[in-house]
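This report concerns only the one structure given below.
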Amino acid sequence: MQFLNASNGTEILDELIGVILENRTYLSEVDGAIGDGDHGINMAKGFRLCGEAIEGKQLSLHKALSNLATTLMGSIGGSMGPLYGSFFLGMANAVKDKDTIDAKAFGDMLSGGQTALQGISDAQVGDKCLIDTLTPAIAAYQKAIEAGESFPAALQALKTGAQQGRDSTKDLEARIGRASRLGERSKGHLDAGAVSCCLLLTQLADSTESRLETAAA
Amino acid sequence: MQFLNASNGTEILDELIGVILENRTYLSEVDGAIGDGDHGINMAKGFRLCGEAIEGKQLSLHKALSNLATTLMGSIGGSMGPLYGSFFLGMANAVKDKDTIDAKAFGDMLSGGQTALQGISDAQVGDKCLIDTLTPAIAAYQKAIEAGESFPAALQALKTGAQQGRDSTKDLEARIGRASRLGERSKGHLDAGAVSCCLLLTQLADSTESRLETAAA
Amino acid sequence: MQRIINDPDNVVDDAVKGYRRASPDLYAATEHPRVLKFSGETVDKVGVVTGGGSGHEPAFLGYIGEGLCDAVAIGEVFSSPTADAFLEAFRAANRGQGVACLYGNYAGDNMNVKLARQMAEMEGIDVQTVVARDDVASAPADQRDKRRGVAGEIIMWKVGGAAAARGESLDEVIRLAQKAVDACSSIGVGLSSCTIPANGKPNFSIDPGMMELGIGHHGEPGIEVAPLTDADAMASAMCGPILADRTFENGSEVAVLLSGLGATPVMELNLLYSHVADRLDAEGIKVHRTYIGNYFTSLDMMGASLTVVKLDDELKALLDAPCRSLAMTQ
Amino acid sequence: MQRIINDPDNVVDDAVKGYRRASPDLYAATEHPRVLKFSGETVDKVGVVTGGGSGHEPAFLGYIGEGLCDAVAIGEVFSSPTADAFLEAFRAANRGQGVACLYGNYAGDNMNVKLARQMAEMEGIDVQTVVARDDVASAPADQRDKRRGVAGEIIMWKVGGAAAARGESLDEVIRLAQKAVDACSSIGVGLSSCTIPANGKPNFSIDPGMMELGIGHHGEPGIEVAPLTDADAMASAMCGPILADRTFENGSEVAVLLSGLGATPVMELNLLYSHVADRLDAEGIKVHRTYIGNYFTSLDMMGASLTVVKLDDELKALLDAPCRSLAMTQ
Ligand SMILES: Nc1ncnc2c1ncn2[C@@H]1O[C@H](COP(=O)(O)OP(=O)(O)O)[C@@H](O)[C@H]1O
Ligand SMILES: Nc1ncnc2c1ncn2[C@@H]1O[C@H](COP(=O)(O)OP(=O)(O)O)[C@@H](O)[C@H]1O
Ligand SMILES: [Mg+2]
Ligand SMILES: [Mg+2]
Ligand SMILES: [Mg+2]
Ligand SMILES: [Mg+2]
């Protein structure tokens, strides 16, 4: 049976921060098409501050994710602060007492994030936002686990689901956020939050997969 | 000896009003080049109101000019109200007790207007304003009289002086009014107030000349 | 971008510093750089807090003062303050009698206030909220909960602030602030876009010769983009949805708040008001009090927002109570 | 032109009607449609009058009220009121103790006030004048009589109004108003032009990326057209000519009035203020009081004007005195 050692928090978080900082310009460009062009700036601000806060520390996954959550909530405001903040806080709480995280626990972690996020936002699939990435990705992961697939296969399903979810936003008409101002004209463009969410879930899957250990079942 | 009967006030005033109303658009165009494009509007407003006020009345030149002066002062504000207002008031006061106006009295009337105007404005020849028309025009008239020329000849001198004065503003750099903002760039355009002043003096000369009567000397 | 700023990314912090230096008689710092509190005498009363994105000056900071708000959480331009900032504002305003958090219905503000309230609860601070939903253009009357909060928020602060100042309990302050904003119907009209300094270009566009009726305070889409009319017709277009939003009996008394959106000269607001007054007269509505000026803006947007507040004696007394702040002194 | 008006030629009359309807507690009509007077209690005191072109809202009408002006003559946009209007304002303000006419140094205003004063004399009304010349950019210090009056006029009205309200004689009101405006040094910076409704197009032009230091309230040319700087450098550029205009001893006390020119967001004025404050601090100058907001505008111009008022105890007492009006209540 494969699992992730929960002591890897700092490494995984560093990679999540990395993917956001690398894509700062790209995320703002995506937001620029139908929003105000600052999604990369907003996200990078929060993730960079978190990177500074954890520098040199060796944290558990719980601690690392809690740290990310509180930094986002405390520094970026707007909608992204509480949305990503509560998402990562929900994830952190789900792995609080864990030393190892197997496929089931990883699924619980994702669902914990999703539940926390839904606790503060009514956004639905189809509204053209990060929920359009998150919901199908997590559903695909859970379906793979239920079907008895391996941890790496489920992580692959998470990535595929996230990418499909992200791409689904292209043809949607925005019902929330700034892009909703454009009505029909918001069609034909990806949603910035859906893109950042896909980047984060994909990186999380890759970072996890590369650190999987195998235990005798 | 030639003279103007002072009972002709209404007729002469009607013609002065006429020339301003006819040139409303033209005056605003001239003002538009280096000012704010409203000189025709401002002048027409005051002269039209005066026309309405004297409608149907038969006025002496004194009464007619007083009426014009007070209407201008009371209705157009800015600089033109008091400048033209005091000019016409000075003229009116100079013919107060006159039944007939000969060349000398006509000159006194012009000078009375000029003195009144100078009582409220420090503008000088060369500043690029209506003074650039008025001063040389009146000087030319007085010079003709002093030289013993006839009333019509002096009126002709008034017109020529006014036109030369008006044209002199073309090469001047504005030192007062809105056009002074443009500095060097105000050169190459006529001054709107100099144009309206030339129109008024020319009309006054023509209206007077066409009504001259001859008395045994 | 023709604006008076330093680094566009620091415009809010720089402005907050300026507000504090300019008005030390009104503003005091707190533990959080994005929270200011009233620097005047501390009276034992219910705390009144608001907060929201910057760019709506004099809202929100301008309503800190006597008989108004005690502390304000400050967001980036057109972006909700953080939950941390709201929490610190609760702490700053709390004098043991609880805090009334009176804010507007925007997704970010809702989420951040919710999180902050949970944190405040853990600290034993009782926070109750009223969420302004006065923009009639943002959703139909049967979906009031979806409506945005706009300039009616000012009336909510004024009434809630006056209630707190006269010593009412938290429940009573909340009831009165809720009653105040429930009595408000607002609508905006936009004649131009506005430029967020950090973006450097207009946030959206309104073509010359057009106007957008029902536009939101951040440029949210309105009911209709129509050819620009004269002020008389504009007043009718604005009054229509407001008069349709509730019943105004003959002889009803109202307050009228007509705010510029930033770049509209105040003489034009007064000009527009005279047509609004005609319209209200025609319905037999009596104007008890007016607020006309730049009360709640959207950076440098051209346009105006109209708020009509239906009054009864209770609201009238609170609206007429004295207050002192940058934005409103009476 | 994206503006809230009816017939552009009637914008002033329409706006005056609006002001009257909006604030009957402040404004009463007179015999002249372009003159409004304070509608409050008539006290036996020296009358205070001002007047000027429209388009500078809340100046001039906004300064009618308690402890400020008693009557105002209203001109077309950026154009002096008529002599008739000034005369009627004198009549409206006169309670037998004479009238202080406190206005700005513009050719039209000078001429119309002069005529009006002659007419008032014939009616037995004693009118004395103070002419504001506070714009340091409009002429060098040795040609003060050529300087334009700008936002320092507000300080002149405040001090003159307070002196009249506390019962000073006409001579004393004039002395104090003169002293107040003599203590003012002002300078403007323009970042965009403005549009007079009746003209329908910008009055002049400032290229994007440029600013005009020393610009007048109607767009009169400044000292220098230079590349747009950040707020910090802008504050230095504005403070320089003001600090050079008179001696400020270490420990001098001043009031600072920083007014937007119409379209500049108030957060930017506060941001600018913090750099002005730095500059004054560095000179050892103490700020006794600030006025930051849209106090004297130029239609929809982007930019700001800075007025520094050197104070002594006499001026401080009058500046701090209470007042109530649309533009200033303290
Ligand atoms: N109410 C909401 N619920 C969920 N996601 C939202 C909501 N509002 C906006 N978003 C997401 O936020 C993204 C934009 O984020 P960002 O650009 O950082 O903030 P802003 O819109 O304030 O500039 C959108 O692409 C969308 O995915
Ligand atoms: N101080 C002054 N003295 C004499 N004439 C002046 C003065 N200021 C302006 N003018 C005249 O006024 C004219 C412009 O008048 P008008 O367009 O009606 O007023 P405004 O400049 O207020 O728009 C100028 O062309 C100039 O001749
Ligand atoms: Mg944004
Ligand atoms: Mg964005
Ligand atoms: Mg003009
Ligand atoms: Mg003109």
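Chain labels follow the order of the structure tokens: the first chain is A, the next B, and so on; residue numbering restarts at 1 in every chain, and ligands are counted from 1 in their shown order.
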
Taking only C-alpha atoms and all ligand atoms into account, list the residues no farther than 8 Å from ligand 3, as a list in words.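 Protein and nucleic-acid residues within 8 Å of ligand 3: Gly35, Asp36, Gly37, Asp38, His39, Asn42 and Gly78 of chain A; Val77, Phe78 and Ser79 of chain C.
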
Within 9 Å of ligand 1, counting only C-alpha atoms and all ligand atoms: which residues, as a tab-separated table (two decimals) with all heavy atoms, in the first residue's frame?
chain	number	residue	atom	x	y	z
A	27	LEU	N	-1.27	33.96	-15.08
A	27	LEU	CA	-2.58	34.06	-14.39
A	27	LEU	C	-3.18	35.46	-14.55
A	27	LEU	O	-4.39	35.61	-14.72
A	27	LEU	CB	-2.43	33.72	-12.91
A	27	LEU	CG	-2.18	32.24	-12.59
A	27	LEU	CD1	-1.89	32.05	-11.09
A	27	LEU	CD2	-3.38	31.38	-13.01
A	28	SER	N	-2.34	36.46	-14.50
A	28	SER	CA	-2.85	37.82	-14.69
A	28	SER	C	-3.32	38.02	-16.13
A	28	SER	O	-4.32	38.71	-16.38
A	28	SER	CB	-1.79	38.86	-14.32
A	28	SER	OG	-1.69	38.95	-12.92
A	30	VAL	N	-4.59	35.70	-18.07
A	30	VAL	CA	-5.90	35.04	-18.19
A	30	VAL	C	-6.98	35.93	-17.58
A	30	VAL	O	-8.04	36.15	-18.16
A	30	VAL	CB	-5.88	33.66	-17.50
A	30	VAL	CG1	-7.26	33.01	-17.57
A	30	VAL	CG2	-4.84	32.76	-18.15
A	31	ASP	N	-6.70	36.50	-16.40
A	31	ASP	CA	-7.67	37.37	-15.74
A	31	ASP	C	-7.91	38.64	-16.55
A	31	ASP	O	-9.01	39.20	-16.54
A	31	ASP	CB	-7.17	37.73	-14.33
A	31	ASP	CG	-8.21	38.44	-13.47
A	31	ASP	OD1	-9.41	38.12	-13.60
A	31	ASP	OD2	-7.82	39.31	-12.67
A	32	GLY	N	-6.89	39.07	-17.28
A	32	GLY	CA	-7.00	40.31	-18.05
A	32	GLY	C	-8.03	40.23	-19.16
A	32	GLY	O	-8.66	41.22	-19.51
A	34	ILE	N	-11.02	38.81	-19.30
A	34	ILE	CA	-12.41	39.07	-18.91
A	34	ILE	C	-12.53	39.59	-17.48
A	34	ILE	O	-13.63	39.78	-16.97
A	34	ILE	CB	-13.31	37.82	-19.10
A	34	ILE	CG1	-12.67	36.61	-18.40
A	34	ILE	CG2	-13.52	37.52	-20.59
A	34	ILE	CD1	-13.60	35.39	-18.39
A	35	GLY	N	-11.39	39.82	-16.83
A	35	GLY	CA	-11.43	40.35	-15.46
A	35	GLY	C	-10.57	41.59	-15.38
A	35	GLY	O	-10.42	42.30	-16.38
A	36	ASP	N	-9.97	41.84	-14.23
A	36	ASP	CA	-9.18	43.05	-14.08
A	36	ASP	C	-7.68	42.79	-14.12
A	36	ASP	O	-6.89	43.69	-13.84
A	36	ASP	CB	-9.57	43.82	-12.81
A	36	ASP	CG	-9.38	42.99	-11.56
A	36	ASP	OD1	-9.02	41.81	-11.69
A	36	ASP	OD2	-9.60	43.52	-10.47
A	37	GLY	N	-7.31	41.57	-14.49
A	37	GLY	CA	-5.89	41.32	-14.77
A	37	GLY	C	-4.98	41.27	-13.57
A	37	GLY	O	-3.78	41.52	-13.70
A	38	ASP	N	-5.51	40.94	-12.40
A	38	ASP	CA	-4.64	40.93	-11.22
A	38	ASP	C	-4.61	39.59	-10.50
A	38	ASP	O	-4.06	39.51	-9.40
A	38	ASP	CB	-5.07	42.03	-10.24
A	38	ASP	CG	-6.48	41.82	-9.72
A	38	ASP	OD1	-7.15	40.85	-10.15
A	38	ASP	OD2	-6.91	42.62	-8.87
A	39	HIS	N	-5.17	38.56	-11.09
A	39	HIS	CA	-5.25	37.30	-10.35
A	39	HIS	C	-3.85	36.77	-10.02
A	39	HIS	O	-3.61	36.30	-8.90
A	39	HIS	CB	-6.06	36.26	-11.14
A	39	HIS	CG	-6.30	34.99	-10.37
A	39	HIS	ND1	-6.92	34.97	-9.15
A	39	HIS	CD2	-5.96	33.70	-10.65
A	39	HIS	CE1	-6.98	33.72	-8.70
A	39	HIS	NE2	-6.40	32.92	-9.59
A	40	GLY	N	-2.93	36.88	-10.97
A	40	GLY	CA	-1.55	36.44	-10.71
A	40	GLY	C	-0.91	37.26	-9.61
A	40	GLY	O	-0.22	36.73	-8.73
A	41	ILE	N	-1.14	38.56	-9.63
A	41	ILE	CA	-0.59	39.44	-8.60
A	41	ILE	C	-1.13	39.06	-7.22
A	41	ILE	O	-0.38	38.89	-6.25
A	41	ILE	CB	-0.95	40.92	-8.90
A	41	ILE	CG1	-0.38	41.33	-10.27
A	41	ILE	CG2	-0.45	41.84	-7.80
A	41	ILE	CD1	-0.85	42.71	-10.74
A	42	ASN	N	-2.45	38.90	-7.15
A	42	ASN	CA	-3.08	38.56	-5.87
A	42	ASN	C	-2.56	37.24	-5.31
A	42	ASN	O	-2.19	37.14	-4.14
A	42	ASN	CB	-4.61	38.46	-6.03
A	42	ASN	CG	-5.24	39.77	-6.45
A	42	ASN	OD1	-4.64	40.84	-6.28
A	42	ASN	ND2	-6.43	39.71	-7.03
A	43	MET	N	-2.55	36.24	-6.17
A	43	MET	CA	-2.14	34.90	-5.72
A	43	MET	C	-0.66	34.91	-5.34
A	43	MET	O	-0.28	34.36	-4.30
A	43	MET	CB	-2.38	33.88	-6.84
A	43	MET	CG	-3.86	33.65	-7.16
A	43	MET	SD	-4.76	32.86	-5.81
A	43	MET	CE	-4.19	31.17	-5.98
A	76	ILE	N	-4.48	38.39	1.45
A	76	ILE	CA	-4.98	38.81	0.13
A	76	ILE	C	-6.43	39.28	0.07
A	76	ILE	O	-6.84	39.87	-0.90
A	76	ILE	CB	-4.63	37.82	-1.02
A	76	ILE	CG1	-5.24	36.45	-0.80
A	76	ILE	CG2	-3.14	37.75	-1.25
A	76	ILE	CD1	-4.98	35.49	-1.98
A	77	GLY	N	-7.17	39.10	1.11
A	77	GLY	CA	-8.52	39.67	1.12
A	77	GLY	C	-9.33	39.29	-0.11
A	77	GLY	O	-9.13	38.22	-0.68
A	78	GLY	N	-10.20	40.18	-0.55
A	78	GLY	CA	-11.03	39.91	-1.71
A	78	GLY	C	-11.78	38.60	-1.54
A	78	GLY	O	-12.17	38.21	-0.44
A	79	SER	N	-11.99	37.87	-2.66
A	79	SER	CA	-12.62	36.56	-2.58
A	79	SER	C	-11.59	35.45	-2.49
A	79	SER	O	-11.83	34.41	-1.89
A	79	SER	CB	-13.49	36.31	-3.82
A	79	SER	OG	-14.57	37.20	-3.86
A	80	MET	N	-10.44	35.64	-3.15
A	80	MET	CA	-9.47	34.55	-3.21
A	80	MET	C	-8.90	34.23	-1.85
A	80	MET	O	-8.63	33.06	-1.55
A	80	MET	CB	-8.33	34.91	-4.18
A	80	MET	CG	-8.75	35.13	-5.62
A	80	MET	SD	-10.12	34.11	-6.19
A	80	MET	CE	-9.43	32.51	-6.10
A	81	GLY	N	-8.72	35.24	-1.00
A	81	GLY	CA	-8.19	35.00	0.35
A	81	GLY	C	-9.05	34.00	1.10
A	81	GLY	O	-8.57	32.93	1.48
A	83	LEU	N	-11.51	32.08	-0.01
A	83	LEU	CA	-11.81	30.84	-0.75
A	83	LEU	C	-10.63	29.87	-0.66
A	83	LEU	O	-10.78	28.74	-0.17
A	83	LEU	CB	-12.13	31.15	-2.21
A	83	LEU	CG	-13.51	31.79	-2.49
A	83	LEU	CD1	-13.61	32.23	-3.94
A	83	LEU	CD2	-14.63	30.82	-2.15
A	117	LEU	N	-14.59	25.07	1.88
A	117	LEU	CA	-14.81	26.11	0.88
A	117	LEU	C	-16.31	26.33	0.65
A	117	LEU	O	-16.78	27.47	0.59
A	117	LEU	CB	-14.10	25.70	-0.42
A	117	LEU	CG	-13.94	26.73	-1.51
A	117	LEU	CD1	-12.79	26.33	-2.42
A	117	LEU	CD2	-15.20	26.91	-2.32
A	120	ILE	N	-18.25	28.62	2.91
A	120	ILE	CA	-18.29	30.08	2.83
A	120	ILE	C	-18.67	30.62	1.45
A	120	ILE	O	-18.86	31.81	1.28
A	120	ILE	CB	-16.95	30.74	3.27
A	120	ILE	CG1	-15.80	30.30	2.39
A	120	ILE	CG2	-16.65	30.48	4.73
A	120	ILE	CD1	-14.68	31.32	2.42
A	121	SER	N	-18.80	29.73	0.45
A	121	SER	CA	-19.22	30.23	-0.87
A	121	SER	C	-20.34	29.39	-1.44
A	121	SER	O	-20.33	28.17	-1.31
A	121	SER	CB	-18.03	30.20	-1.85
A	121	SER	OG	-18.49	30.41	-3.17
A	122	ASP	N	-21.30	30.05	-2.04
A	122	ASP	CA	-22.42	29.32	-2.66
A	122	ASP	C	-22.12	29.02	-4.12
A	122	ASP	O	-23.00	28.53	-4.84
A	122	ASP	CB	-23.71	30.16	-2.65
A	122	ASP	CG	-23.98	30.74	-1.29
A	122	ASP	OD1	-23.75	30.03	-0.30
A	122	ASP	OD2	-24.44	31.90	-1.23
A	123	ALA	N	-20.94	29.36	-4.60
A	123	ALA	CA	-20.66	29.19	-6.03
A	123	ALA	C	-20.87	27.73	-6.43
A	123	ALA	O	-20.54	26.81	-5.69
A	123	ALA	CB	-19.25	29.64	-6.34
A	124	GLN	N	-21.43	27.54	-7.60
A	124	GLN	CA	-21.78	26.21	-8.11
A	124	GLN	C	-21.00	25.92	-9.38
A	124	GLN	O	-20.56	26.84	-10.07
A	124	GLN	CB	-23.28	26.16	-8.45
A	124	GLN	CG	-24.21	26.45	-7.30
A	124	GLN	CD	-24.15	25.39	-6.22
A	124	GLN	OE1	-23.99	24.21	-6.52
A	124	GLN	NE2	-24.22	25.81	-4.96
A	127	ASP	N	-20.78	28.19	-12.75
A	127	ASP	CA	-20.73	29.64	-12.52
A	127	ASP	C	-19.51	30.28	-13.17
A	127	ASP	O	-19.39	31.50	-13.22
A	127	ASP	CB	-20.71	29.95	-11.03
A	127	ASP	CG	-22.07	29.78	-10.38
A	127	ASP	OD1	-23.07	29.61	-11.12
A	127	ASP	OD2	-22.15	29.80	-9.14
A	128	LYS	N	-18.58	29.47	-13.63
A	128	LYS	CA	-17.31	29.92	-14.21
A	128	LYS	C	-16.39	30.47	-13.12
A	128	LYS	O	-16.13	31.68	-13.06
A	128	LYS	CB	-17.57	30.97	-15.31
A	128	LYS	CG	-16.31	31.25	-16.16
A	128	LYS	CD	-16.66	31.95	-17.47
A	128	LYS	CE	-15.41	32.11	-18.33
A	128	LYS	NZ	-15.71	32.02	-19.77
A	129	CYS	N	-15.92	29.55	-12.28
A	129	CYS	CA	-14.95	29.94	-11.26
A	129	CYS	C	-14.14	28.73	-10.86
A	129	CYS	O	-14.20	27.68	-11.51
A	129	CYS	CB	-15.63	30.58	-10.06
A	129	CYS	SG	-16.52	29.42	-9.04
A	130	LEU	N	-13.38	28.84	-9.79
A	130	LEU	CA	-12.50	27.75	-9.41
A	130	LEU	C	-13.25	26.48	-9.05
A	130	LEU	O	-12.69	25.38	-9.13
A	130	LEU	CB	-11.56	28.18	-8.28
A	130	LEU	CG	-12.19	28.80	-7.03
A	130	LEU	CD1	-12.46	27.73	-6.00
A	130	LEU	CD2	-11.22	29.82	-6.46
A	131	ILE	N	-14.51	26.61	-8.67
A	131	ILE	CA	-15.36	25.45	-8.36
A	131	ILE	C	-15.47	24.53	-9.58
A	131	ILE	O	-15.60	23.30	-9.45
A	131	ILE	CB	-16.78	25.92	-7.93
A	131	ILE	CG1	-16.69	26.80	-6.68
A	131	ILE	CG2	-17.71	24.74	-7.73
A	131	ILE	CD1	-16.40	26.04	-5.40
A	132	ASP	N	-15.42	25.13	-10.76
A	132	ASP	CA	-15.53	24.32	-11.99
A	132	ASP	C	-14.32	23.42	-12.19
A	132	ASP	O	-14.39	22.43	-12.91
A	132	ASP	CB	-15.70	25.23	-13.21
A	132	ASP	CG	-17.09	25.85	-13.24
A	132	ASP	OD1	-18.06	25.07	-13.33
A	132	ASP	OD2	-17.19	27.08	-13.14
A	174	ALA	N	-19.99	33.71	-17.45
A	174	ALA	CA	-19.70	33.92	-16.03
A	174	ALA	C	-20.95	34.38	-15.29
A	174	ALA	O	-21.66	35.28	-15.75
A	174	ALA	CB	-18.58	34.93	-15.86
A	176	ILE	N	-20.59	34.76	-11.72
A	176	ILE	CA	-20.06	35.42	-10.53
A	176	ILE	C	-18.76	36.14	-10.88
A	176	ILE	O	-18.22	35.94	-11.96
A	176	ILE	CB	-19.79	34.45	-9.37
A	176	ILE	CG1	-18.87	33.33	-9.85
A	176	ILE	CG2	-21.09	33.90	-8.79
A	176	ILE	CD1	-18.35	32.48	-8.71
A	177	GLY	N	-18.29	36.95	-9.93
A	177	GLY	CA	-17.01	37.65	-10.14
A	177	GLY	C	-17.14	38.76	-11.17
A	177	GLY	O	-18.22	39.01	-11.72
A	178	ARG	N	-16.00	39.40	-11.42
A	178	ARG	CA	-16.00	40.53	-12.33
A	178	ARG	C	-16.46	40.21	-13.75
A	178	ARG	O	-17.05	41.03	-14.43
A	178	ARG	CB	-14.58	41.08	-12.48
A	178	ARG	CG	-14.13	41.82	-11.28
A	178	ARG	CD	-12.72	42.31	-11.40
A	178	ARG	NE	-12.15	42.38	-10.06
A	178	ARG	CZ	-12.50	43.30	-9.17
A	178	ARG	NH1	-13.36	44.23	-9.49
A	178	ARG	NH2	-11.99	43.30	-7.98
A	179	ALA	N	-16.13	38.98	-14.20
A	179	ALA	CA	-16.41	38.62	-15.58
A	179	ALA	C	-17.92	38.56	-15.84
A	179	ALA	O	-18.36	38.66	-16.98
A	179	ALA	CB	-15.76	37.28	-15.93
A	190	LEU	N	-10.91	31.23	-20.72
A	190	LEU	CA	-10.80	30.46	-19.49
A	190	LEU	C	-11.03	31.38	-18.30
A	190	LEU	O	-10.75	32.58	-18.36
A	190	LEU	CB	-9.41	29.83	-19.38
A	190	LEU	CG	-9.08	28.71	-20.36
A	190	LEU	CD1	-7.61	28.29	-20.19
A	190	LEU	CD2	-10.01	27.52	-20.17
A	191	ASP	N	-11.50	30.80	-17.18
A	191	ASP	CA	-11.61	31.56	-15.94
A	191	ASP	C	-10.29	31.50	-15.17
A	191	ASP	O	-9.69	30.43	-15.02
A	191	ASP	CB	-12.73	30.99	-15.07
A	191	ASP	CG	-12.74	31.64	-13.70
A	191	ASP	OD1	-13.03	32.85	-13.63
A	191	ASP	OD2	-12.41	30.95	-12.71
A	192	ALA	N	-9.86	32.65	-14.68
A	192	ALA	CA	-8.54	32.72	-14.03
A	192	ALA	C	-8.46	31.85	-12.78
A	192	ALA	O	-7.47	31.15	-12.55
A	192	ALA	CB	-8.23	34.18	-13.67
A	193	GLY	N	-9.50	31.88	-11.96
A	193	GLY	CA	-9.50	31.07	-10.74
A	193	GLY	C	-9.49	29.58	-11.06
A	193	GLY	O	-8.85	28.78	-10.37
A	194	ALA	N	-10.20	29.21	-12.11
A	194	ALA	CA	-10.21	27.81	-12.53
A	194	ALA	C	-8.81	27.39	-12.99
A	194	ALA	O	-8.38	26.25	-12.75
A	194	ALA	CB	-11.22	27.60	-13.66
A	195	VAL	N	-8.09	28.30	-13.61
A	195	VAL	CA	-6.74	28.00	-14.08
A	195	VAL	C	-5.79	27.84	-12.89
A	195	VAL	O	-5.02	26.88	-12.81
A	195	VAL	CB	-6.22	29.11	-15.03
A	195	VAL	CG1	-4.74	28.91	-15.34
A	195	VAL	CG2	-7.04	29.11	-16.33
A	196	SER	N	-5.87	28.77	-11.91
A	196	SER	CA	-4.96	28.66	-10.77
A	196	SER	C	-5.28	27.41	-9.95
A	196	SER	O	-4.37	26.73	-9.46
A	196	SER	CB	-5.02	29.92	-9.89
A	196	SER	OG	-6.30	30.08	-9.34
A	197	CYS	N	-6.54	27.08	-9.86
A	197	CYS	CA	-6.94	25.89	-9.11
A	197	CYS	C	-6.39	24.63	-9.78
A	197	CYS	O	-5.90	23.70	-9.13
A	197	CYS	CB	-8.46	25.84	-9.01
A	197	CYS	SG	-9.07	24.53	-7.94
C	78	PHE	N	-11.33	48.29	-4.58
C	78	PHE	CA	-12.43	47.44	-5.08
C	78	PHE	C	-12.26	45.98	-4.68
C	78	PHE	O	-12.63	45.07	-5.43
C	78	PHE	CB	-12.53	47.53	-6.60
C	78	PHE	CG	-13.06	48.85	-7.12
C	78	PHE	CD1	-13.33	49.90	-6.25
C	78	PHE	CD2	-13.28	49.04	-8.48
C	78	PHE	CE1	-13.82	51.12	-6.74
C	78	PHE	CE2	-13.77	50.25	-8.98
C	78	PHE	CZ	-14.03	51.29	-8.11
C	79	SER	N	-11.72	45.71	-3.49
C	79	SER	CA	-11.50	44.33	-3.08
C	79	SER	C	-11.69	44.25	-1.56
C	79	SER	O	-11.22	45.11	-0.82
C	79	SER	CB	-10.07	43.94	-3.50
C	79	SER	OG	-9.81	42.61	-3.13
C	80	SER	N	-12.37	43.22	-1.10
C	80	SER	CA	-12.71	43.11	0.32
C	80	SER	C	-11.48	43.13	1.21
C	80	SER	O	-10.43	42.62	0.84
C	80	SER	CB	-13.46	41.80	0.55
C	80	SER	OG	-13.61	41.57	1.94
C	106	TYR	N	-21.39	41.86	-0.84
C	106	TYR	CA	-20.45	41.45	-1.89
C	106	TYR	C	-19.84	40.13	-1.46
C	106	TYR	O	-19.60	39.93	-0.25
C	106	TYR	CB	-19.37	42.51	-2.11
C	106	TYR	CG	-19.96	43.79	-2.61
C	106	TYR	CD1	-20.35	44.78	-1.73
C	106	TYR	CD2	-20.21	43.97	-3.98
C	106	TYR	CE1	-20.97	45.95	-2.20
C	106	TYR	CE2	-20.82	45.12	-4.45
C	106	TYR	CZ	-21.20	46.11	-3.56
C	106	TYR	OH	-21.81	47.24	-4.02
C	107	ALA	N	-19.57	39.26	-2.42
C	107	ALA	CA	-19.08	37.91	-2.12
C	107	ALA	C	-17.88	37.95	-1.19
C	107	ALA	O	-17.85	37.26	-0.16
C	107	ALA	CB	-18.73	37.19	-3.42
C	108	GLY	N	-16.88	38.76	-1.53
C	108	GLY	CA	-15.66	38.80	-0.73
C	108	GLY	C	-15.93	39.28	0.69
C	108	GLY	O	-15.46	38.69	1.66
C	111	MET	N	-17.68	36.63	2.79
C	111	MET	CA	-16.82	35.54	3.21
C	111	MET	C	-15.85	35.98	4.30
C	111	MET	O	-15.64	35.29	5.29
C	111	MET	CB	-16.05	34.98	2.01
C	111	MET	CG	-16.98	34.25	1.05
C	111	MET	SD	-16.09	33.39	-0.27
C	111	MET	CE	-15.80	34.70	-1.43

For the contact check between chain D and ligand 5, emit one row per residue of chain D within 12 Å, containing the shortest atom pair and the distance in Å rounded to one decimal, counting only C-alpha atoms and all ligand atoms, chain then rising number order, as a Markdown table.
| residue | atom | partner | partner_atom_place_in_ligand_line | distance |
| --- | --- | --- | --- | --- |
| D:Asp9 | CA | ligand 5 | 1 (Mg) | 11.4 |
| D:Gly53 | CA | ligand 5 | 1 (Mg) | 10.2 |
| D:Ser54 | CA | ligand 5 | 1 (Mg) | 11.4 |
| D:Gly75 | CA | ligand 5 | 1 (Mg) | 10.8 |
| D:Glu76 | CA | ligand 5 | 1 (Mg) | 8.2 |
| D:Val77 | CA | ligand 5 | 1 (Mg) | 7.6 |
| D:Phe78 | CA | ligand 5 | 1 (Mg) | 6.9 |
| D:Ser79 | CA | ligand 5 | 1 (Mg) | 6.3 |
| D:Ser80 | CA | ligand 5 | 1 (Mg) | 9.7 |
| D:Gly108 | CA | ligand 5 | 1 (Mg) | 11.1 |
| D:Thr195 | CA | ligand 5 | 1 (Mg) | 11.8 |
| D:Ile196 | CA | ligand 5 | 1 (Mg) | 8.8 |
| D:Pro197 | CA | ligand 5 | 1 (Mg) | 10.9 |
| D:Ala198 | CA | ligand 5 | 1 (Mg) | 8.9 |
| D:Asn199 | CA | ligand 5 | 1 (Mg) | 8.5 |
| D:Asn203 | CA | ligand 5 | 1 (Mg) | 10.0 |
| D:His218 | CA | ligand 5 | 1 (Mg) | 10.5 |
